[in-house]
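K.L.:
If it helps, the file is called my_file_29.pdb and holds PDB, C-alpha atoms, pLDDT in the B column:
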ATOM      1  CA  PHE E 169     -25.401 -63.106 -26.019  1.00 98.00           C
ATOM      2  CA  ALA E 170     -28.973 -61.852 -25.755  1.00 96.00           C
ATOM      3  CA  GLY E 171     -29.663 -58.204 -25.016  1.00 94.00           C
ATOM      4  CA  GLY E 172     -33.207 -57.339 -26.015  1.00 89.00           C
ATOM      5  CA  CYS E 173     -33.536 -56.418 -29.685  1.00 90.00           C
ATOM      6  CA  PHE E 174     -30.670 -58.161 -31.446  1.00 94.00           C
ATOM      7  CA  TRP E 175     -29.907 -55.408 -33.983  1.00 94.00           C
ATOM      8  CA  GLY E 176     -28.251 -52.921 -31.619  1.00 94.00           C
ATOM      9  CA  LEU E 177     -26.272 -55.543 -29.735  1.00 96.00           C
ATOM     10  CA  GLU E 178     -25.005 -56.989 -33.011  1.00 97.00           C
ATOM     11  CA  LEU E 179     -23.732 -53.588 -34.173  1.00 97.00           C
ATOM     12  CA  ALA E 180     -21.980 -53.068 -30.826  1.00 97.00           C
ATOM     13  CA  PHE E 181     -20.158 -56.396 -31.243  1.00 98.00           C
ATOM     14  CA  GLN E 182     -19.353 -55.676 -34.911  1.00 98.00           C
ATOM     15  CA  ARG E 183     -17.422 -52.609 -33.729  1.00 98.00           C
ATOM     16  CA  VAL E 184     -15.177 -54.544 -31.331  1.00 98.00           C
ATOM     17  CA  PRO E 185     -11.637 -55.025 -32.713  1.00 98.00           C
ATOM     18  CA  GLY E 186     -10.981 -58.756 -32.895  1.00 98.00           C
ATOM     19  CA  VAL E 187     -14.592 -59.716 -33.566  1.00 98.00           C
ATOM     20  CA  GLU E 188     -14.476 -61.492 -36.897  1.00 98.00           C
ATOM     21  CA  TYR E 189     -18.124 -62.370 -37.499  1.00 97.00           C
ATOM     22  CA  THR E 190     -21.551 -61.798 -35.991  1.00 98.00           C
ATOM     23  CA  ALA E 191     -24.986 -63.171 -36.766  1.00 98.00           C
ATOM     24  CA  VAL E 192     -28.361 -62.523 -35.214  1.00 97.00           C
ATOM     25  CA  GLY E 193     -30.783 -65.298 -34.457  1.00 97.00           C
ATOM     26  CA  TYR E 194     -32.613 -67.255 -31.822  1.00 97.00           C
ATOM     27  CA  THR E 195     -31.466 -69.473 -28.960  1.00 97.00           C
ATOM     28  CA  GLN E 196     -32.468 -71.029 -25.650  1.00 97.00           C
ATOM     29  CA  GLY E 197     -35.741 -72.443 -26.938  1.00 95.00           C
ATOM     30  CA  PRO E 198     -36.815 -76.024 -27.675  1.00 94.00           C
ATOM     31  CA  GLU E 199     -38.196 -75.610 -31.195  1.00 92.00           C
ATOM     32  CA  ASP E 200     -36.038 -76.297 -34.263  1.00 95.00           C
ATOM     33  CA  PHE E 201     -35.915 -73.705 -37.066  1.00 95.00           C
ATOM     34  CA  PRO E 202     -37.808 -70.909 -35.296  1.00 96.00           C
ATOM     35  CA  THR E 203     -38.879 -67.916 -37.381  1.00 94.00           C
ATOM     36  CA  TYR E 204     -38.952 -64.242 -36.474  1.00 93.00           C
ATOM     37  CA  ASP E 205     -42.748 -64.179 -36.488  1.00 93.00           C
ATOM     38  CA  HIS E 206     -43.007 -67.176 -34.146  1.00 94.00           C
ATOM     39  CA  VAL E 207     -40.283 -65.913 -31.788  1.00 94.00           C
ATOM     40  CA  CYS E 208     -41.781 -62.397 -31.633  1.00 90.00           C
ATOM     41  CA  ALA E 209     -45.175 -63.873 -30.871  1.00 90.00           C
ATOM     42  CA  GLY E 210     -43.595 -65.490 -27.809  1.00 87.00           C
ATOM     43  CA  ALA E 211     -44.567 -68.904 -29.133  1.00 86.00           C
ATOM     44  CA  THR E 212     -41.194 -70.692 -29.079  1.00 93.00           C
ATOM     45  CA  GLY E 213     -39.402 -69.888 -25.808  1.00 94.00           C
ATOM     46  CA  HIS E 214     -36.390 -68.542 -27.733  1.00 96.00           C
ATOM     47  CA  THR E 215     -34.672 -65.233 -27.126  1.00 96.00           C
ATOM     48  CA  GLU E 216     -33.266 -62.914 -29.781  1.00 96.00           C
ATOM     49  CA  ALA E 217     -29.485 -63.317 -29.620  1.00 97.00           C
ATOM     50  CA  VAL E 218     -26.175 -62.527 -31.276  1.00 98.00           C
ATOM     51  CA  MET E 219     -23.599 -65.148 -32.166  1.00 98.00           C
ATOM     52  CA  VAL E 220     -20.079 -63.714 -31.941  1.00 98.00           C
ATOM     53  CA  TYR E 221     -16.939 -65.239 -33.418  1.00 97.00           C
ATOM     54  CA  TYR E 222     -13.794 -63.536 -32.211  1.00 98.00           C
ATOM     55  CA  ASN E 223     -10.034 -63.913 -32.404  1.00 98.00           C
ATOM     56  CA  PRO E 224      -8.781 -64.430 -28.823  1.00 97.00           C
ATOM     57  CA  GLN E 225      -5.370 -63.116 -29.880  1.00 97.00           C
ATOM     58  CA  GLU E 226      -6.985 -59.754 -30.718  1.00 97.00           C
ATOM     59  CA  THR E 227      -9.711 -59.444 -28.080  1.00 97.00           C
ATOM     60  CA  SER E 228     -10.815 -61.242 -24.950  1.00 98.00           C
ATOM     61  CA  TYR E 229     -14.008 -62.774 -23.665  1.00 98.00           C
ATOM     62  CA  GLU E 230     -13.866 -60.120 -20.939  1.00 98.00           C
ATOM     63  CA  THR E 231     -14.052 -57.439 -23.644  1.00 98.00           C
ATOM     64  CA  LEU E 232     -17.134 -59.137 -25.060  1.00 98.00           C
ATOM     65  CA  LEU E 233     -18.665 -59.087 -21.574  1.00 98.00           C
ATOM     66  CA  ASP E 234     -17.777 -55.368 -21.310  1.00 98.00           C
ATOM     67  CA  THR E 235     -19.591 -54.735 -24.583  1.00 98.00           C
ATOM     68  CA  PHE E 236     -22.608 -56.729 -23.463  1.00 98.00           C
ATOM     69  CA  PHE E 237     -22.954 -55.110 -20.046  1.00 98.00           C
ATOM     70  CA  GLY E 238     -22.384 -51.699 -21.621  1.00 96.00           C
ATOM     71  CA  ARG E 239     -25.542 -52.213 -23.706  1.00 94.00           C
ATOM     72  CA  VAL E 240     -28.026 -53.747 -21.256  1.00 95.00           C
ATOM     73  CA  ASN E 241     -29.697 -53.116 -17.941  1.00 95.00           C
ATOM     74  CA  PRO E 242     -29.148 -56.570 -16.435  1.00 97.00           C
ATOM     75  CA  THR E 243     -31.867 -56.087 -13.800  1.00 96.00           C
ATOM     76  CA  THR E 244     -34.696 -55.746 -16.317  1.00 94.00           C
ATOM     77  CA  VAL E 245     -36.834 -58.872 -16.576  1.00 94.00           C
ATOM     78  CA  ASN E 246     -37.872 -59.986 -20.067  1.00 92.00           C
ATOM     79  CA  GLY E 247     -36.955 -56.894 -22.026  1.00 86.00           C
ATOM     80  CA  GLN E 248     -34.768 -53.909 -22.770  1.00 89.00           C
ATOM     81  CA  GLU E 249     -35.713 -50.323 -23.615  1.00 85.00           C
ATOM     82  CA  ASN E 250     -38.981 -50.438 -25.619  1.00 85.00           C
ATOM     83  CA  ASP E 251     -38.999 -54.180 -26.276  1.00 87.00           C
ATOM     84  CA  TYR E 252     -40.678 -56.471 -23.758  1.00 89.00           C
ATOM     85  CA  GLY E 253     -41.549 -60.138 -23.744  1.00 88.00           C
ATOM     86  CA  LYS E 254     -39.653 -63.312 -22.952  1.00 92.00           C
ATOM     87  CA  GLN E 255     -38.100 -63.227 -26.433  1.00 93.00           C
ATOM     88  CA  TYR E 256     -36.273 -60.019 -25.395  1.00 92.00           C
ATOM     89  CA  ARG E 257     -34.795 -61.366 -22.163  1.00 95.00           C
ATOM     90  CA  THR E 258     -31.079 -60.859 -21.627  1.00 97.00           C
ATOM     91  CA  GLY E 259     -28.583 -63.661 -21.360  1.00 98.00           C
ATOM     92  CA  VAL E 260     -24.980 -64.709 -21.510  1.00 98.00           C
ATOM     93  CA  TYR E 261     -24.856 -68.187 -23.003  1.00 98.00           C
ATOM     94  CA  VAL E 262     -21.487 -69.829 -22.537  1.00 98.00           C
ATOM     95  CA  HIS E 263     -19.747 -72.461 -24.638  1.00 97.00           C
ATOM     96  CA  THR E 264     -16.826 -73.461 -22.387  1.00 97.00           C
ATOM     97  CA  PRO E 265     -16.039 -73.842 -18.672  1.00 98.00           C
ATOM     98  CA  ALA E 266     -13.543 -70.969 -19.010  1.00 98.00           C
ATOM     99  CA  GLN E 267     -16.274 -68.663 -20.377  1.00 98.00           C
ATOM    100  CA  GLU E 268     -18.594 -69.735 -17.574  1.00 98.00           C
ATOM    101  CA  LYS E 269     -15.985 -68.909 -14.922  1.00 98.00           C
ATOM    102  CA  LEU E 270     -15.329 -65.455 -16.385  1.00 98.00           C
ATOM    103  CA  ALA E 271     -19.039 -64.771 -16.787  1.00 98.00           C
ATOM    104  CA  ARG E 272     -19.852 -65.812 -13.194  1.00 98.00           C
ATOM    105  CA  GLU E 273     -17.119 -63.515 -11.906  1.00 98.00           C
ATOM    106  CA  ARG E 274     -18.454 -60.665 -14.027  1.00 98.00           C
ATOM    107  CA  PHE E 275     -22.048 -61.251 -12.902  1.00 98.00           C
ATOM    108  CA  ALA E 276     -20.893 -60.975  -9.268  1.00 98.00           C
ATOM    109  CA  GLN E 277     -19.084 -57.741 -10.098  1.00 97.00           C
ATOM    110  CA  GLU E 278     -22.115 -56.331 -11.918  1.00 97.00           C
ATOM    111  CA  GLN E 279     -24.434 -57.205  -9.018  1.00 97.00           C
ATOM    112  CA  THR E 280     -22.501 -54.782  -6.774  1.00 97.00           C
ATOM    113  CA  LYS E 281     -23.701 -51.920  -9.013  1.00 96.00           C
ATOM    114  CA  TYR E 282     -27.408 -52.616  -8.458  1.00 96.00           C
ATOM    115  CA  LYS E 283     -29.833 -52.948  -5.562  1.00 96.00           C
ATOM    116  CA  GLN E 284     -32.123 -55.160  -7.642  1.00 96.00           C
ATOM    117  CA  PRO E 285     -31.064 -58.703  -8.488  1.00 97.00           C
ATOM    118  CA  ILE E 286     -29.512 -59.439 -11.862  1.00 97.00           C
ATOM    119  CA  ALA E 287     -32.200 -60.865 -14.153  1.00 97.00           C
ATOM    120  CA  THR E 288     -29.828 -61.697 -17.014  1.00 98.00           C
ATOM    121  CA  GLU E 289     -29.575 -65.427 -17.609  1.00 97.00           C
ATOM    122  CA  LEU E 290     -26.219 -67.194 -17.350  1.00 98.00           C
ATOM    123  CA  GLN E 291     -26.579 -70.617 -18.962  1.00 98.00           C
ATOM    124  CA  GLY E 292     -24.917 -73.040 -21.283  1.00 98.00           C
ATOM    125  CA  ALA E 293     -25.627 -72.222 -24.902  1.00 97.00           C
ATOM    126  CA  THR E 294     -28.231 -74.276 -26.713  1.00 97.00           C
ATOM    127  CA  PRO E 295     -28.465 -74.453 -30.522  1.00 97.00           C
ATOM    128  CA  PHE E 296     -28.389 -71.090 -32.267  1.00 97.00           C
ATOM    129  CA  TRP E 297     -30.738 -70.628 -35.202  1.00 97.00           C
ATOM    130  CA  PRO E 298     -29.761 -67.789 -37.562  1.00 97.00           C
ATOM    131  CA  ALA E 299     -32.484 -65.232 -38.206  1.00 96.00           C
ATOM    132  CA  GLU E 300     -33.747 -64.483 -41.670  1.00 96.00           C
ATOM    133  CA  ASP E 301     -31.206 -62.824 -43.990  1.00 94.00           C
ATOM    134  CA  TYR E 302     -32.772 -59.355 -43.848  1.00 93.00           C
ATOM    135  CA  HIS E 303     -32.031 -59.210 -40.092  1.00 95.00           C
ATOM    136  CA  GLN E 304     -28.287 -59.829 -40.522  1.00 96.00           C
ATOM    137  CA  GLN E 305     -26.137 -56.688 -40.075  1.00 96.00           C
ATOM    138  CA  TYR E 306     -29.447 -54.809 -40.210  1.00 95.00           C
ATOM    139  CA  LEU E 307     -28.292 -51.505 -38.764  1.00 95.00           C
ATOM    140  CA  GLU E 308     -25.101 -51.468 -40.815  1.00 95.00           C
ATOM    141  CA  LYS E 309     -27.324 -51.844 -43.911  1.00 94.00           C
ATOM    142  CA  GLY E 310     -29.559 -48.939 -42.884  1.00 93.00           C
ATOM    143  CA  GLY E 311     -32.296 -50.365 -40.656  1.00 91.00           C
ATOM    144  CA  ARG E 312     -35.874 -49.135 -40.889  1.00 88.00           C
ATOM    145  CA  LEU E 313     -34.854 -45.576 -41.742  1.00 87.00           C
ATOM    146  CA  GLY E 314     -32.452 -46.460 -44.543  1.00 90.00           C
ATOM    147  CA  GLN E 315     -29.602 -44.715 -42.710  1.00 92.00           C
ATOM    148  CA  PRO E 316     -26.586 -47.020 -42.429  1.00 95.00           C
ATOM    149  CA  GLN E 317     -24.663 -46.984 -39.154  1.00 96.00           C
ATOM    150  CA  SER E 318     -20.950 -47.587 -38.954  1.00 96.00           C
ATOM    151  CA  ALA E 319     -19.756 -51.069 -38.059  1.00 97.00           C
ATOM    152  CA  ALA E 320     -16.121 -49.946 -38.327  1.00 97.00           C
ATOM    153  CA  LYS E 321     -13.852 -51.348 -35.645  1.00 97.00           C
ATOM    154  CA  GLY E 322     -13.664 -48.878 -32.777  1.00 95.00           C
ATOM    155  CA  ALA E 323     -16.612 -46.738 -34.004  1.00 96.00           C
ATOM    156  CA  THR E 324     -18.204 -44.825 -31.138  1.00 94.00           C
ATOM    157  CA  GLU E 325     -21.282 -43.197 -32.684  1.00 94.00           C
ATOM    158  CA  THR E 326     -24.467 -43.762 -30.707  1.00 94.00           C
ATOM    159  CA  ILE E 327     -26.306 -46.860 -31.895  1.00 93.00           C
ATOM    160  CA  ARG E 328     -29.877 -46.181 -33.000  1.00 89.00           C
ATOM    161  CA  CYS E 329     -31.571 -49.514 -32.379  1.00 83.00           C
ATOM    162  CA  TYR E 330     -34.145 -49.301 -35.159  1.00 73.00           C
ATOM    163  CA  GLY E 331     -32.003 -47.479 -37.668  1.00 58.00           C
TER
END
What would you get if you wrote out this structure as structure tokens?

P.N.:
Amino acid sequence: FAGGCFWGLELAFQRVPGVEYTAVGYTQGPEDFPTYDHVCAGATGHTEAVMVYYNPQETSYETLLDTFFGRVNPTTVNGQENDYGKQYRTGVYVHTPAQEKLARERFAQEQTKYKQPIATELQGATPFWPAEDYHQQYLEKGGRLGQPQSAAKGATETIRCYG
């Protein structure tokens, strides 16, 4: 999933009961081993993304889609909130035909809420490259302000994207 800056979206997924692991990184670009500096410069074609491992006996792919669409404006092209550039584009990157079917149905449902077309990508996932260690669980660790945010399952506090 890609939803602009990866830190806030990761924390939202960390809070979902049944999500067992998250990592932030880069996907949907052709270069191997991209770095934060290269991706942020717009030099690689990648987007900032969150890899989510979940237990399907405890949560559903639909719940992950709920979390995603609850965090993004899917009509915004190449950005979210204060972050703009192709590296901040939104996307749902599927791994199975079943995920693709559910995502296509959800995209159609979401489109009824907007006059503008959905700009969020819906594509097959390409290799995911984990971001540097200091980006992982960044907001839970305190972010830029050194103020940790709760990643507890079911937490509802407002997510402050930069900490």

K.L.:
Using only C-alpha atoms, can you tell me which of E:His263, E:Lys254, E:His214, E:Arg239 comes closest to Glu178 of chain E?

P.N.:
E:Arg239

K.L.:
Using all atoms listed in the file, pick whichever of E:Glu278, E:Glu268, E:Asp251, E:Glu325 has the shortest atom-to-atom distance to Glu216 of chain E.

P.N.:
E:Asp251

K.L.:
Translate the PyMOL selection byres ((chain E and resi 301) around 12) into a concrete residue list for this structure, as a list in words.

P.N.:
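Applying the expression gives Ala191, Val192, Gly193, Thr203, Tyr204, Trp297, Pro298, Ala299, Glu300, Tyr302, His303, Gln304, Gln305, Tyr306 and Lys309 of chain E.
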
K.L.:
Got time to write the residues from that selection, C-alpha atoms, as an mmCIF file, in the frame of the given file?

P.N.:
data_model
loop_
_atom_site.group_PDB
_atom_site.id
_atom_site.type_symbol
_atom_site.label_atom_id
_atom_site.label_comp_id
_atom_site.auth_asym_id
_atom_site.auth_seq_id
_atom_site.Cartn_x
_atom_site.Cartn_y
_atom_site.Cartn_z
ATOM 1 C CA ALA E 191 -24.986 -63.171 -36.766
ATOM 2 C CA VAL E 192 -28.361 -62.523 -35.214
ATOM 3 C CA GLY E 193 -30.783 -65.298 -34.457
ATOM 4 C CA THR E 203 -38.879 -67.916 -37.381
ATOM 5 C CA TYR E 204 -38.952 -64.242 -36.474
ATOM 6 C CA TRP E 297 -30.738 -70.628 -35.202
ATOM 7 C CA PRO E 298 -29.761 -67.789 -37.562
ATOM 8 C CA ALA E 299 -32.484 -65.232 -38.206
ATOM 9 C CA GLU E 300 -33.747 -64.483 -41.670
ATOM 10 C CA TYR E 302 -32.772 -59.355 -43.848
ATOM 11 C CA HIS E 303 -32.031 -59.210 -40.092
ATOM 12 C CA GLN E 304 -28.287 -59.829 -40.522
ATOM 13 C CA GLN E 305 -26.137 -56.688 -40.075
ATOM 14 C CA TYR E 306 -29.447 -54.809 -40.210
ATOM 15 C CA LYS E 309 -27.324 -51.844 -43.911
#

K.L.:
For the PyMOL selection byres ((chain E and resi 291) around 12), applied here, can you spell out every residue it catches as a list of chain:residue names?

P.N.:
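Taken over the shown coordinates, the PyMOL selection byres ((chain E and resi 291) around 12) returns E:Phe169, E:Ala170, E:Thr195, E:Gln196, E:Thr258, E:Gly259, E:Val260, E:Tyr261, E:Val262, E:His263, E:Thr264, E:Pro265, E:Gln267, E:Glu268, E:Lys269, E:Ala271, E:Arg272, E:Thr288, E:Glu289, E:Leu290, E:Gly292, E:Ala293, E:Thr294.
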
K.L.:
Work out how far apart atom CA of Ala209 of chain E and atom CA of Phe174 of chain E are and give it in Å to one decimal.

P.N.:
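According to the coordinates, atom CA of Ala209 of chain E and atom CA of Phe174 of chain E are separated by 15.6 Å.
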
K.L.:
Excluding Gly176 of chain E and residues on its chain fewer than 2 positions from it, collect all residues at most 10 Å away from it, counting only C-alpha atoms, and give them as a PyMOL selection string.

P.N.:
chain E and resi 171-174+178-182+218+239+305-308+326-331

K.L.:
Considering all atoms listed in the file, can you say which of E:Val245, E:Ala276, E:Leu270, E:Ala320 comes closest to Pro185 of chain E?

P.N.:
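The shortest atom-to-atom distance to Pro185 of chain E comes from E:Ala320.
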
K.L.:
Counting only C-alpha atoms, which residue out of E:Tyr256, E:His206, E:Ala323, E:Val184 sits closest to Val240 of chain E?

P.N.:
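Selected residue with least distance to Val240 of chain E: E:Tyr256.
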
K.L.:
For a quick check of understanding, using only C-alpha atoms, which of E:Leu233, E:Val207, E:Val187, E:Ala319 has the smallest distance to Gln277 of chain E?

P.N.:
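Counting only C-alpha atoms, the residue closest to Gln277 of chain E is E:Leu233.
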
K.L.:
Can you measure atom CA of Asp234 of chain E to atom CA of Arg312 of chain E for me? One decimal in Å is fine.

P.N.:
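Interatomic distance here is 27.4 Å.
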
K.L.:
So for segment 245-261 of chain E, what box centre and size do we get, axis-aligned, 8 Å extra on each of the six sides, every listed atom, Å to one decimal, as JSON?

P.N.:
{"center_x": -33.2, "center_y": -59.3, "center_z": -21.5, "size_x": 32.7, "size_y": 33.9, "size_z": 25.9}

K.L.:
How many Å separate atom CA of Arg183 of chain E from atom CA of Thr324 of chain E?

P.N.:
8.2 Å

K.L.:
Measuring atom to atom with only C-alpha atoms, identify which of E:Gln279, E:Gln255, E:Asn250, E:Thr190 is nearest to Phe237 of chain E.

P.N.:
E:Gln279

K.L.:
Just need segment 239-272 of chain E in a file, please: N, CA and C atoms, as a compact mmCIF listing (two decimals), in the first residue's frame.

P.N.:
# COMPACT_ATOMS: atom_id res chain seq x y z
N ARG E 239 -7.24 6.76 5.25
CA ARG E 239 -6.06 7.61 5.43
C ARG E 239 -5.73 8.48 4.22
N VAL E 240 -6.29 8.19 3.06
CA VAL E 240 -5.88 8.90 1.85
C VAL E 240 -7.05 9.60 1.17
N ASN E 241 -6.72 10.60 0.38
CA ASN E 241 -7.66 11.16 -0.58
C ASN E 241 -7.27 10.52 -1.91
N PRO E 242 -8.06 9.55 -2.38
CA PRO E 242 -7.65 8.79 -3.57
C PRO E 242 -7.73 9.58 -4.87
N THR E 243 -8.23 10.81 -4.84
CA THR E 243 -8.30 11.60 -6.06
C THR E 243 -7.08 12.51 -6.25
N THR E 244 -6.23 12.59 -5.25
CA THR E 244 -5.06 13.44 -5.33
C THR E 244 -3.98 12.75 -6.17
N VAL E 245 -3.47 13.47 -7.14
CA VAL E 245 -2.43 12.94 -8.03
C VAL E 245 -1.06 13.24 -7.42
N ASN E 246 -0.25 12.19 -7.29
CA ASN E 246 1.15 12.33 -6.88
C ASN E 246 1.36 13.09 -5.57
N GLY E 247 0.59 12.70 -4.54
CA GLY E 247 0.83 13.30 -3.24
C GLY E 247 -0.32 13.11 -2.28
N GLN E 248 -0.06 13.47 -1.04
CA GLN E 248 -1.03 13.48 0.03
C GLN E 248 -0.61 14.57 1.02
N GLU E 249 -1.59 15.30 1.53
CA GLU E 249 -1.36 16.35 2.51
C GLU E 249 -0.24 17.28 2.04
N ASN E 250 0.86 17.37 2.78
CA ASN E 250 1.94 18.31 2.44
C ASN E 250 3.04 17.72 1.58
N ASP E 251 2.90 16.45 1.22
CA ASP E 251 3.95 15.77 0.46
C ASP E 251 3.51 15.56 -0.99
N TYR E 252 4.28 16.13 -1.92
CA TYR E 252 3.95 15.99 -3.33
C TYR E 252 5.16 15.57 -4.14
N GLY E 253 4.89 14.82 -5.17
CA GLY E 253 5.91 14.26 -6.04
C GLY E 253 5.50 12.83 -6.35
N LYS E 254 5.99 12.29 -7.44
CA LYS E 254 5.59 10.95 -7.84
C LYS E 254 5.89 9.90 -6.77
N GLN E 255 6.90 10.15 -5.95
CA GLN E 255 7.26 9.21 -4.89
C GLN E 255 6.22 9.16 -3.77
N TYR E 256 5.27 10.11 -3.78
CA TYR E 256 4.20 10.14 -2.78
C TYR E 256 2.84 9.75 -3.36
N ARG E 257 2.84 9.19 -4.56
CA ARG E 257 1.57 8.77 -5.16
C ARG E 257 0.96 7.65 -4.32
N THR E 258 -0.35 7.51 -4.45
CA THR E 258 -1.05 6.46 -3.70
C THR E 258 -1.24 5.24 -4.58
N GLY E 259 -1.27 4.08 -3.92
CA GLY E 259 -1.46 2.85 -4.68
C GLY E 259 -1.83 1.68 -3.80
N VAL E 260 -2.60 0.80 -4.39
CA VAL E 260 -2.88 -0.51 -3.81
C VAL E 260 -2.22 -1.50 -4.74
N TYR E 261 -1.25 -2.23 -4.21
CA TYR E 261 -0.44 -3.14 -5.02
C TYR E 261 -0.73 -4.56 -4.55
N VAL E 262 -1.40 -5.30 -5.41
CA VAL E 262 -1.95 -6.60 -5.03
C VAL E 262 -0.97 -7.74 -5.31
N HIS E 263 -1.15 -8.82 -4.54
CA HIS E 263 -0.28 -9.99 -4.65
C HIS E 263 -1.01 -11.22 -5.17
N THR E 264 -2.34 -11.19 -5.17
CA THR E 264 -3.11 -12.37 -5.59
C THR E 264 -4.32 -11.93 -6.41
N PRO E 265 -4.87 -12.83 -7.23
CA PRO E 265 -6.11 -12.50 -7.95
C PRO E 265 -7.27 -12.17 -6.99
N ALA E 266 -7.32 -12.83 -5.84
CA ALA E 266 -8.39 -12.54 -4.88
C ALA E 266 -8.27 -11.11 -4.35
N GLN E 267 -7.04 -10.68 -4.04
CA GLN E 267 -6.84 -9.29 -3.60
C GLN E 267 -7.23 -8.31 -4.71
N GLU E 268 -6.87 -8.64 -5.93
CA GLU E 268 -7.20 -7.75 -7.05
C GLU E 268 -8.71 -7.60 -7.20
N LYS E 269 -9.44 -8.69 -7.09
CA LYS E 269 -10.90 -8.64 -7.21
C LYS E 269 -11.50 -7.75 -6.12
N LEU E 270 -11.08 -7.97 -4.88
CA LEU E 270 -11.59 -7.15 -3.77
C LEU E 270 -11.22 -5.69 -3.94
N ALA E 271 -10.00 -5.43 -4.37
CA ALA E 271 -9.56 -4.05 -4.56
C ALA E 271 -10.34 -3.36 -5.68
N ARG E 272 -10.55 -4.06 -6.80
CA ARG E 272 -11.33 -3.46 -7.90
C ARG E 272 -12.74 -3.12 -7.45
